[in-house]
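Engineer: For reference, this is final20.txt, and it has compact mmCIF, C-alpha atoms.
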```txt
# COMPACT_ATOMS: atom_id res chain seq x y z
CA MET A 1 -5.14 -26.51 1.28
CA LYS A 2 -6.26 -22.98 0.46
CA LYS A 3 -4.75 -21.52 3.64
CA THR A 4 -1.49 -23.39 3.13
CA LEU A 5 -1.18 -22.18 -0.46
CA SER A 6 -1.88 -18.55 0.47
CA ALA A 7 0.73 -18.63 3.22
CA LEU A 8 3.24 -20.23 0.85
CA LEU A 9 2.69 -17.56 -1.82
CA LEU A 10 3.31 -14.78 0.68
CA CYS A 11 6.33 -16.45 2.24
CA LEU A 12 8.03 -17.29 -1.05
CA SER A 13 7.64 -13.71 -2.29
CA VAL A 14 9.34 -12.39 0.81
CA GLN A 15 12.20 -14.89 0.80
CA LEU A 16 13.07 -14.35 -2.85
CA CYS A 17 13.23 -10.55 -2.56
CA GLN A 18 15.04 -10.49 0.76
CA ALA A 19 17.79 -12.61 -0.75
CA ALA A 20 18.35 -9.82 -3.29
CA ASP A 21 18.46 -7.02 -0.70
CA PRO A 22 18.05 -7.62 3.07
CA ARG A 23 17.05 -3.99 3.61
CA TYR A 24 13.51 -4.77 2.40
CA THR A 25 10.62 -7.11 3.06
CA VAL A 26 8.50 -7.71 -0.04
CA VAL A 27 5.09 -9.37 -0.30
CA THR A 28 3.40 -10.09 -3.61
CA VAL A 29 -0.41 -10.19 -3.71
CA ASP A 30 -2.34 -11.53 -6.70
CA PRO A 31 -5.83 -9.96 -6.52
CA ALA A 32 -7.07 -12.45 -9.12
CA ARG A 33 -6.51 -15.22 -6.55
CA GLN A 34 -6.42 -13.42 -3.21
CA ASP A 35 -9.08 -11.29 -1.55
CA LEU A 36 -7.46 -7.83 -1.31
CA ARG A 37 -9.56 -5.18 0.44
CA LEU A 38 -9.29 -1.68 1.88
CA PHE A 39 -10.40 -0.88 5.43
CA LEU A 40 -10.89 2.29 7.48
CA ASN A 41 -13.88 2.13 9.86
CA ASP A 42 -16.18 -0.48 11.35
CA GLU A 43 -19.95 -0.43 10.84
CA ALA A 44 -20.32 2.09 13.69
CA GLY A 45 -17.94 4.50 11.96
CA GLN A 46 -15.08 3.88 14.38
CA PRO A 47 -11.60 3.69 12.79
CA PHE A 48 -9.76 0.40 13.23
CA GLN A 49 -6.46 2.23 13.92
CA GLY A 50 -4.43 -0.96 13.64
CA PHE A 51 -4.18 -4.62 12.75
CA ALA A 52 -5.24 -6.08 16.11
CA ARG A 53 -8.67 -4.46 16.14
CA LEU A 54 -9.20 -5.23 12.46
CA GLN A 55 -8.32 -8.88 13.13
CA ALA A 56 -10.83 -9.10 15.97
CA TRP A 57 -13.56 -7.48 13.86
CA LEU A 58 -12.94 -9.90 11.00
CA ARG A 59 -12.93 -12.93 13.30
CA GLY A 60 -16.43 -11.95 14.37
CA ARG A 61 -17.41 -12.29 10.70
CA LYS A 62 -15.69 -15.67 10.24
CA GLN A 63 -12.89 -14.10 8.20
CA ARG A 64 -9.15 -14.25 8.71
CA LEU A 65 -6.54 -11.57 8.02
CA VAL A 66 -3.38 -13.06 6.48
CA PHE A 67 -1.59 -9.91 5.32
CA ALA A 68 -1.97 -6.15 5.81
CA VAL A 69 -0.14 -2.84 5.46
CA ASN A 70 -0.97 0.76 6.24
CA ALA A 71 -2.50 2.21 3.07
CA GLY A 72 -1.98 5.95 3.00
CA MET A 73 -1.88 9.18 4.94
CA TYR A 74 -4.59 10.51 7.22
CA HIS A 75 -5.76 13.59 9.12
CA PRO A 76 -6.20 13.77 12.91
CA GLY A 77 -9.23 11.58 13.53
CA PHE A 78 -7.94 9.08 10.93
CA ALA A 79 -9.85 10.48 7.92
CA PRO A 80 -7.89 9.90 4.68
CA VAL A 81 -6.04 12.89 3.23
CA GLY A 82 -7.01 11.82 -0.28
CA LEU A 83 -9.14 9.43 -2.28
CA HIS A 84 -10.56 6.41 -0.47
CA VAL A 85 -12.78 3.90 -2.31
CA GLU A 86 -13.81 0.87 -0.27
CA ASN A 87 -15.93 -2.00 -1.62
CA GLY A 88 -16.75 0.12 -4.65
CA LYS A 89 -17.97 3.08 -2.57
CA GLN A 90 -16.09 6.40 -2.47
CA LEU A 91 -15.72 7.52 1.15
CA ALA A 92 -13.27 10.39 0.53
CA PRO A 93 -12.68 12.38 -2.68
CA LEU A 94 -9.58 12.72 -4.81
CA ASN A 95 -7.32 15.48 -3.46
CA LEU A 96 -5.51 17.50 -6.14
CA ASP A 97 -4.73 20.47 -3.86
CA GLU A 98 -1.31 21.99 -3.34
CA GLY A 99 0.23 21.74 0.11
CA LYS A 100 3.21 20.83 2.24
CA GLY A 101 4.45 17.40 3.20
CA ASN A 102 5.02 14.12 1.40
CA PHE A 103 1.42 13.68 0.24
CA PHE A 104 1.61 16.92 -1.75
CA LEU A 105 5.04 16.26 -3.29
CA LYS A 106 3.69 16.21 -6.85
CA PRO A 107 3.14 14.06 -8.68
CA ASN A 108 1.36 12.01 -6.07
CA GLY A 109 -0.68 8.97 -6.96
CA VAL A 110 -3.41 6.39 -6.47
CA PHE A 111 -3.24 2.65 -5.95
CA VAL A 112 -6.41 1.24 -7.49
CA LEU A 113 -7.94 -2.19 -7.98
CA GLY A 114 -10.43 -2.46 -10.80
CA LYS A 115 -11.89 -5.27 -12.85
CA GLY A 116 -8.73 -5.23 -14.97
CA GLY A 117 -6.48 -5.73 -11.95
CA PRO A 118 -4.30 -3.46 -9.79
CA ALA A 119 -2.67 -0.26 -11.04
CA VAL A 120 -0.65 2.69 -9.78
CA LEU A 121 -1.60 5.99 -11.44
CA GLU A 122 -0.69 9.62 -11.08
CA SER A 123 -3.53 11.32 -9.18
CA SER A 124 -4.35 13.59 -12.13
CA ALA A 125 -4.97 10.48 -14.28
CA TYR A 126 -7.48 8.92 -11.90
CA PRO A 127 -10.65 10.76 -13.07
CA SER A 128 -10.12 9.51 -16.63
CA TYR A 129 -9.38 5.99 -15.36
CA ALA A 130 -12.50 5.96 -13.17
CA ALA A 131 -14.68 7.24 -16.03
CA GLN A 132 -13.51 4.42 -18.30
CA ALA A 133 -13.31 1.63 -15.74
CA VAL A 134 -16.13 -0.86 -15.52
CA GLU A 135 -15.51 -1.15 -11.79
CA VAL A 136 -13.31 0.43 -9.12
CA ARG A 137 -13.25 -1.99 -6.21
CA LEU A 138 -10.80 -0.05 -4.05
CA ALA A 139 -8.56 2.99 -4.35
CA THR A 140 -6.27 4.82 -1.97
CA GLN A 141 -4.35 8.03 -2.66
CA SER A 142 -0.94 8.89 -1.25
CA GLY A 143 2.25 10.61 -2.23
CA PRO A 144 4.69 11.06 -3.64
CA MET A 145 4.87 8.71 -6.59
CA LEU A 146 8.12 6.76 -6.36
CA VAL A 147 8.40 5.61 -9.96
CA ILE A 148 6.57 7.24 -12.89
CA ASP A 149 6.62 5.41 -16.23
CA GLY A 150 10.01 3.91 -15.37
CA GLN A 151 11.53 7.16 -14.08
CA LEU A 152 12.26 8.11 -10.48
CA HIS A 153 10.34 11.04 -9.04
CA PRO A 154 12.23 14.17 -10.20
CA ARG A 155 12.46 15.61 -6.68
CA PHE A 156 14.41 12.68 -5.21
CA ASP A 157 18.01 13.55 -4.29
CA PRO A 158 20.58 10.70 -4.22
CA ALA A 159 22.52 12.64 -1.58
CA SER A 160 19.54 13.33 0.70
CA PRO A 161 20.24 12.77 4.43
CA SER A 162 16.52 12.09 5.12
CA ARG A 163 16.18 8.43 6.09
CA TYR A 164 13.09 6.70 7.43
CA VAL A 165 11.52 3.28 7.47
CA ARG A 166 9.22 3.52 4.45
CA ASN A 167 6.55 1.44 2.72
CA GLY A 168 5.03 1.53 -0.74
CA VAL A 169 3.34 -0.42 -3.51
CA GLY A 170 4.03 -1.15 -7.16
CA VAL A 171 2.46 -3.38 -9.80
CA VAL A 172 4.09 -6.03 -12.00
CA ASP A 173 2.27 -8.52 -14.27
CA GLY A 174 -1.10 -7.96 -12.64
CA LYS A 175 0.21 -8.40 -9.11
CA ALA A 176 0.54 -5.83 -6.33
CA ILE A 177 4.06 -5.66 -4.89
CA PHE A 178 4.14 -4.32 -1.31
CA VAL A 179 7.50 -3.28 0.16
CA ILE A 180 8.51 -2.14 3.64
CA SER A 181 12.09 -1.22 4.47
CA ASN A 182 13.73 -3.02 7.38
CA VAL A 183 16.08 -0.08 7.96
CA PRO A 184 15.78 3.67 7.36
CA VAL A 185 16.28 4.51 3.67
CA THR A 186 16.05 7.60 1.48
CA PHE A 187 13.32 8.21 -1.06
CA HIS A 188 15.90 7.75 -3.82
CA GLU A 189 17.05 4.37 -2.49
CA PHE A 190 13.48 3.17 -1.97
CA ALA A 191 12.30 4.22 -5.43
CA THR A 192 15.40 2.75 -7.07
CA TYR A 193 14.65 -0.61 -5.47
CA PHE A 194 11.14 -0.61 -6.94
CA ARG A 195 12.42 0.31 -10.39
CA ASP A 196 15.68 -1.61 -10.72
CA THR A 197 15.15 -4.72 -8.56
CA LEU A 198 11.39 -5.25 -8.70
CA HIS A 199 10.99 -3.78 -12.21
CA CYS A 200 7.92 -1.71 -11.34
CA LYS A 201 7.19 0.90 -14.01
CA ASN A 202 5.00 2.77 -11.52
CA ALA A 203 5.17 2.72 -7.73
CA LEU A 204 3.58 4.75 -4.93
CA TYR A 205 4.82 5.76 -1.49
CA LEU A 206 2.37 4.86 1.27
CA ASP A 207 4.06 6.36 4.34
CA GLY A 208 7.18 6.70 6.43
CA SER A 209 7.62 6.45 10.20
CA ILE A 210 4.26 4.72 10.82
CA SER A 211 4.99 2.05 8.18
CA SER A 212 3.56 -1.25 9.43
CA LEU A 213 3.15 -4.79 8.16
CA PHE A 214 1.09 -7.77 9.26
CA SER A 215 1.79 -11.25 7.88
CA SER A 216 0.60 -14.53 9.36
CA ALA A 217 3.14 -16.36 7.15
CA LEU A 218 6.01 -14.33 8.61
CA GLY A 219 4.70 -14.23 12.17
CA ARG A 220 4.86 -10.45 12.03
CA ALA A 221 2.32 -7.97 13.43
CA ASP A 222 3.63 -4.41 13.75
CA GLY A 223 1.64 -2.29 16.16
CA ALA A 224 3.71 0.68 17.28
CA ALA A 225 1.70 3.43 15.56
CA PRO A 226 -2.02 4.09 15.03
CA LEU A 227 -3.07 3.67 11.40
CA GLY A 228 -5.67 5.16 9.09
CA PRO A 229 -6.52 3.24 5.89
CA ILE A 230 -5.36 -0.40 5.84
CA LEU A 231 -4.96 -2.72 2.86
CA GLY A 232 -5.47 -6.37 3.79
CA VAL A 233 -5.77 -9.85 2.32
CA LEU A 234 -8.48 -12.10 3.74
CA GLU A 235 -9.14 -15.81 3.85
```
How would this structure read if it were set down as structure tokens?

Structural biologist:
Amino acid sequence: MKKTLSALLLCLSVQLCQAADPRYTVVTVDPARQDLRLFLNDEAGQPFQGFARLQAWLRGRKQRLVFAVNAGMYHPGFAPVGLHVENGKQLAPLNLDEGKGNFFLKPNGVFVLGKGGPAVLESSAYPSYAAQAVEVRLATQSGPMLVIDGQLHPRFDPASPSRYVRNGVGVVDGKAIFVISNVPVTFHEFATYFRDTLHCKNALYLDGSISSLFSSALGRADGAAPLGPILGVLE
């Protein structure tokens, strides 16, 4: 019954949102009921690099992956560019540096799961959040922010010719809303979908051309690109 219910929750979320806009696949995860975790390396320190190896590793521990997405940007060697907190342990620090590329298109942000539920914060707000939080179970940093307090990122141009498959995450009513585009879209289009269709007050870009999704309910397991951090739901 538990497996059937989990699959139904994932499938219904996707069907409802796709009916509104076929350009996107949307999966809603409720961390209060579903086991959402962040993954990077196995116990030997070797990066998983993708869903297939993570699945095999979990099977050896009598666990089952039902949903996963790539969870942020990484350096050569798969080390996270920014903050990475896994099972309550910080494995990479918050990165507030200036630089080039999407990660450094300020403001960037953090997707975090604490005792109070999931949240998307601007990176500069994370130290205060962490100091006040009773518990940070997982956190991953990426950039840019897509939606900031109900406003689109100020650098997004409606006329931009830059189109990629993109994925990101927002939060509504204590649930994490994961979105991957089914076609190349601009930052402005992607962020507008989070704000105007999904009603996310805050949303974070996870990545572009490597964007990948795994869902047992959808029979989907993307595997074209190697991945760094991975967010996954277990049964």

Engineer: For each of A:Pro161, A:Pro144, A:Gly117, A:Gly223, take the minimum atom-to-atom distance to Pro31 of chain A, counting all atoms listed in the file, then give the residue where this is smallest.

Structural biologist: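 Closest to Pro31 of chain A, using all atoms listed in the file: A:Gly117.
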
Engineer: In terms of the shortest atom-to-atom distance over only C-alpha atoms, which of A:Leu234, A:Leu58, A:Leu91, A:Val120 is closest to Ala79 of chain A?

Structural biologist: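 Among A:Leu234, A:Leu58, A:Leu91, A:Val120, it is A:Leu91 that comes nearest to Ala79 of chain A.
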
Engineer: Nearest to Ile210 of chain A among A:Ser181, A:Gln46, A:Asn70, A:Asn95, with distances taken over all atoms listed in the file: which residue is it?

Structural biologist: A:Asn70

Engineer: Got a sec: who's within 12 Å of Lys100 of chain A, counting all atoms listed in the file, leaving out chain neighbours fewer than 5 positions off, as a PyMOL selection string?

Structural biologist: chain A and resi 105-106+143-144

Engineer: Taking only C-alpha atoms into account, name the residue in A:Arg166, A:Gly174, A:Pro229, A:Asn202 that is nearest to Ala92 of chain A.

Structural biologist: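 Closest to Ala92 of chain A of all the choices is A:Pro229.
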
Engineer: Could you check how far atom CA of Leu113 of chain A sits from atom CA of Gly50 of chain A, in Å to one decimal?

Structural biologist: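 Atom-to-atom, atom CA of Leu113 of chain A to atom CA of Gly50 of chain A, that is 21.9 Å.
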
Engineer: Any idea what the distance is between atom CA of Glu122 of chain A and atom CA of Pro226 of chain A?

Structural biologist: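 Separating atom CA of Glu122 of chain A from atom CA of Pro226 of chain A is a distance of 26.7 Å.
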
Engineer: Within 9 Å of (-5.7, -12.5, -0.7) (file coordinates; all atoms listed in the file), which protein or nucleic acid residues are there? I'd like them as number ranges by chain.

Structural biologist: A: 6, 29-37, 65-67, 232-235

Engineer: Of the candidates A:His199, A:Asp173, A:Gln63, A:Leu83, which shows the shortest atom-to-atom distance to Gly116 of chain A, using all atoms listed in the file?

Structural biologist: A:Asp173

Engineer: For the point (-2.4, 6.6, 8.8) in the file's frame, write as a count of residues only all residues with an atom no more than 10 Å away, counting only C-alpha atoms.

Structural biologist: 27

Engineer: One number please: atom CA of Ala119 of chain A to atom CA of Leu231 of chain A, in Å, one decimal.

Structural biologist: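 These atoms are spaced 14.3 Å apart.
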
Engineer: Determine, counting all atoms listed in the file, which protein, DNA and RNA residues have an atom within 10 Å of an atom of segment 124-129 of chain A; residues of the same chain fewer than 2 positions away are not included. Present the result as JSON, numbers by chain.

Structural biologist: {"A": [83, 94, 95, 96, 106, 107, 108, 109, 110, 111, 112, 114, 120, 121, 122, 131, 132, 133, 134, 136, 139, 141]}

Engineer: Hey, what's within 7 Å of Gly170 of chain A if we count all atoms listed in the file and toss same-chain stuff fewer than 3 positions away? As a PyMOL selection string, please?

Structural biologist: chain A and resi 120+176-178+200+202-204

Engineer: Name the residues in contact with Tyr24 of chain A at a cut-off of 7 Å, using all atoms listed in the file, excluding same-chain residues fewer than 3 positions from it; report them as a list in words.

Structural biologist: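 Non-adjacent residues within range: Gln18, Asp21, Val179, Ile180, Ser181 and Asn182 of chain A.
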
Engineer: With only C-alpha atoms as the basis for distance, which of A:Gln90, A:Thr28, A:Thr192, A:Ser215 is at the shortest distance from Pro118 of chain A?

Structural biologist: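 Residue with the minimum atom-to-atom distance to Pro118 of chain A: A:Thr28.
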
Engineer: Because some atoms of segment 170-181 of chain A are absent here, can you restore all heavy atoms and send them as an mmCIF file, in the frame of the given file?

Structural biologist:
```cif
data_model
loop_
_atom_site.group_PDB
_atom_site.id
_atom_site.type_symbol
_atom_site.label_atom_id
_atom_site.label_comp_id
_atom_site.auth_asym_id
_atom_site.auth_seq_id
_atom_site.Cartn_x
_atom_site.Cartn_y
_atom_site.Cartn_z
ATOM 1 N N GLY A 170 3.895 -1.206 -5.719
ATOM 2 C CA GLY A 170 4.030 -1.150 -7.160
ATOM 3 C C GLY A 170 3.214 -2.272 -7.777
ATOM 4 O O GLY A 170 2.604 -3.079 -7.069
ATOM 5 N N VAL A 171 3.215 -2.348 -9.093
ATOM 6 C CA VAL A 171 2.460 -3.380 -9.800
ATOM 7 C C VAL A 171 3.340 -3.982 -10.892
ATOM 8 O O VAL A 171 3.983 -3.251 -11.651
ATOM 9 C CB VAL A 171 1.167 -2.812 -10.417
ATOM 10 C CG1 VAL A 171 0.470 -3.854 -11.287
ATOM 11 C CG2 VAL A 171 0.223 -2.315 -9.328
ATOM 12 N N VAL A 172 3.370 -5.305 -10.943
ATOM 13 C CA VAL A 172 4.090 -6.030 -12.000
ATOM 14 C C VAL A 172 3.247 -7.230 -12.424
ATOM 15 O O VAL A 172 2.828 -8.036 -11.570
ATOM 16 C CB VAL A 172 5.472 -6.528 -11.522
ATOM 17 C CG1 VAL A 172 6.142 -7.372 -12.601
ATOM 18 C CG2 VAL A 172 6.374 -5.365 -11.146
ATOM 19 N N ASP A 173 2.968 -7.349 -13.715
ATOM 20 C CA ASP A 173 2.270 -8.520 -14.270
ATOM 21 C C ASP A 173 0.963 -8.821 -13.544
ATOM 22 O O ASP A 173 0.656 -9.981 -13.226
ATOM 23 C CB ASP A 173 3.182 -9.749 -14.233
ATOM 24 C CG ASP A 173 4.411 -9.597 -15.109
ATOM 25 O OD1 ASP A 173 4.337 -8.855 -16.120
ATOM 26 O OD2 ASP A 173 5.446 -10.204 -14.781
ATOM 27 N N GLY A 174 0.196 -7.769 -13.260
ATOM 28 C CA GLY A 174 -1.100 -7.960 -12.640
ATOM 29 C C GLY A 174 -1.073 -8.264 -11.155
ATOM 30 O O GLY A 174 -2.104 -8.604 -10.562
ATOM 31 N N LYS A 175 0.078 -8.145 -10.546
ATOM 32 C CA LYS A 175 0.210 -8.400 -9.110
ATOM 33 C C LYS A 175 0.644 -7.130 -8.392
ATOM 34 O O LYS A 175 1.407 -6.333 -8.930
ATOM 35 C CB LYS A 175 1.212 -9.528 -8.851
ATOM 36 C CG LYS A 175 0.811 -10.864 -9.480
ATOM 37 C CD LYS A 175 1.876 -11.909 -9.257
ATOM 38 C CE LYS A 175 1.465 -13.253 -9.856
ATOM 39 N NZ LYS A 175 1.323 -13.186 -11.318
ATOM 40 N N ALA A 176 0.146 -6.962 -7.176
ATOM 41 C CA ALA A 176 0.540 -5.830 -6.330
ATOM 42 C C ALA A 176 1.765 -6.224 -5.521
ATOM 43 O O ALA A 176 1.771 -7.265 -4.856
ATOM 44 C CB ALA A 176 -0.607 -5.435 -5.416
ATOM 45 N N ILE A 177 2.792 -5.388 -5.578
ATOM 46 C CA ILE A 177 4.060 -5.660 -4.890
ATOM 47 C C ILE A 177 4.187 -4.669 -3.730
ATOM 48 O O ILE A 177 4.396 -3.477 -3.934
ATOM 49 C CB ILE A 177 5.265 -5.499 -5.830
ATOM 50 C CG1 ILE A 177 5.017 -6.202 -7.167
ATOM 51 C CG2 ILE A 177 6.528 -6.000 -5.148
ATOM 52 C CD1 ILE A 177 4.884 -7.692 -7.085
ATOM 53 N N PHE A 178 4.051 -5.160 -2.506
ATOM 54 C CA PHE A 178 4.140 -4.320 -1.310
ATOM 55 C C PHE A 178 5.542 -4.450 -0.709
ATOM 56 O O PHE A 178 6.061 -5.560 -0.550
ATOM 57 C CB PHE A 178 3.096 -4.735 -0.289
ATOM 58 C CG PHE A 178 1.684 -4.490 -0.729
ATOM 59 C CD1 PHE A 178 0.957 -5.505 -1.330
ATOM 60 C CD2 PHE A 178 1.090 -3.242 -0.572
ATOM 61 C CE1 PHE A 178 -0.354 -5.283 -1.752
ATOM 62 C CE2 PHE A 178 -0.212 -3.013 -0.998
ATOM 63 C CZ PHE A 178 -0.932 -4.041 -1.590
ATOM 64 N N VAL A 179 6.129 -3.304 -0.368
ATOM 65 C CA VAL A 179 7.500 -3.280 0.160
ATOM 66 C C VAL A 179 7.534 -2.434 1.424
ATOM 67 O O VAL A 179 6.958 -1.341 1.465
ATOM 68 C CB VAL A 179 8.488 -2.693 -0.862
ATOM 69 C CG1 VAL A 179 9.905 -2.726 -0.304
ATOM 70 C CG2 VAL A 179 8.416 -3.450 -2.184
ATOM 71 N N ILE A 180 8.212 -2.933 2.442
ATOM 72 C CA ILE A 180 8.510 -2.140 3.640
ATOM 73 C C ILE A 180 10.005 -2.269 3.893
ATOM 74 O O ILE A 180 10.579 -3.356 3.754
ATOM 75 C CB ILE A 180 7.679 -2.595 4.855
ATOM 76 C CG1 ILE A 180 7.896 -1.647 6.048
ATOM 77 C CG2 ILE A 180 7.958 -4.031 5.239
ATOM 78 C CD1 ILE A 180 6.907 -1.858 7.185
ATOM 79 N N SER A 181 10.645 -1.160 4.206
ATOM 80 C CA SER A 181 12.090 -1.220 4.470
ATOM 81 C C SER A 181 12.326 -1.716 5.896
ATOM 82 O O SER A 181 11.579 -1.394 6.815
ATOM 83 C CB SER A 181 12.745 0.136 4.243
ATOM 84 O OG SER A 181 12.355 1.078 5.214
#
```
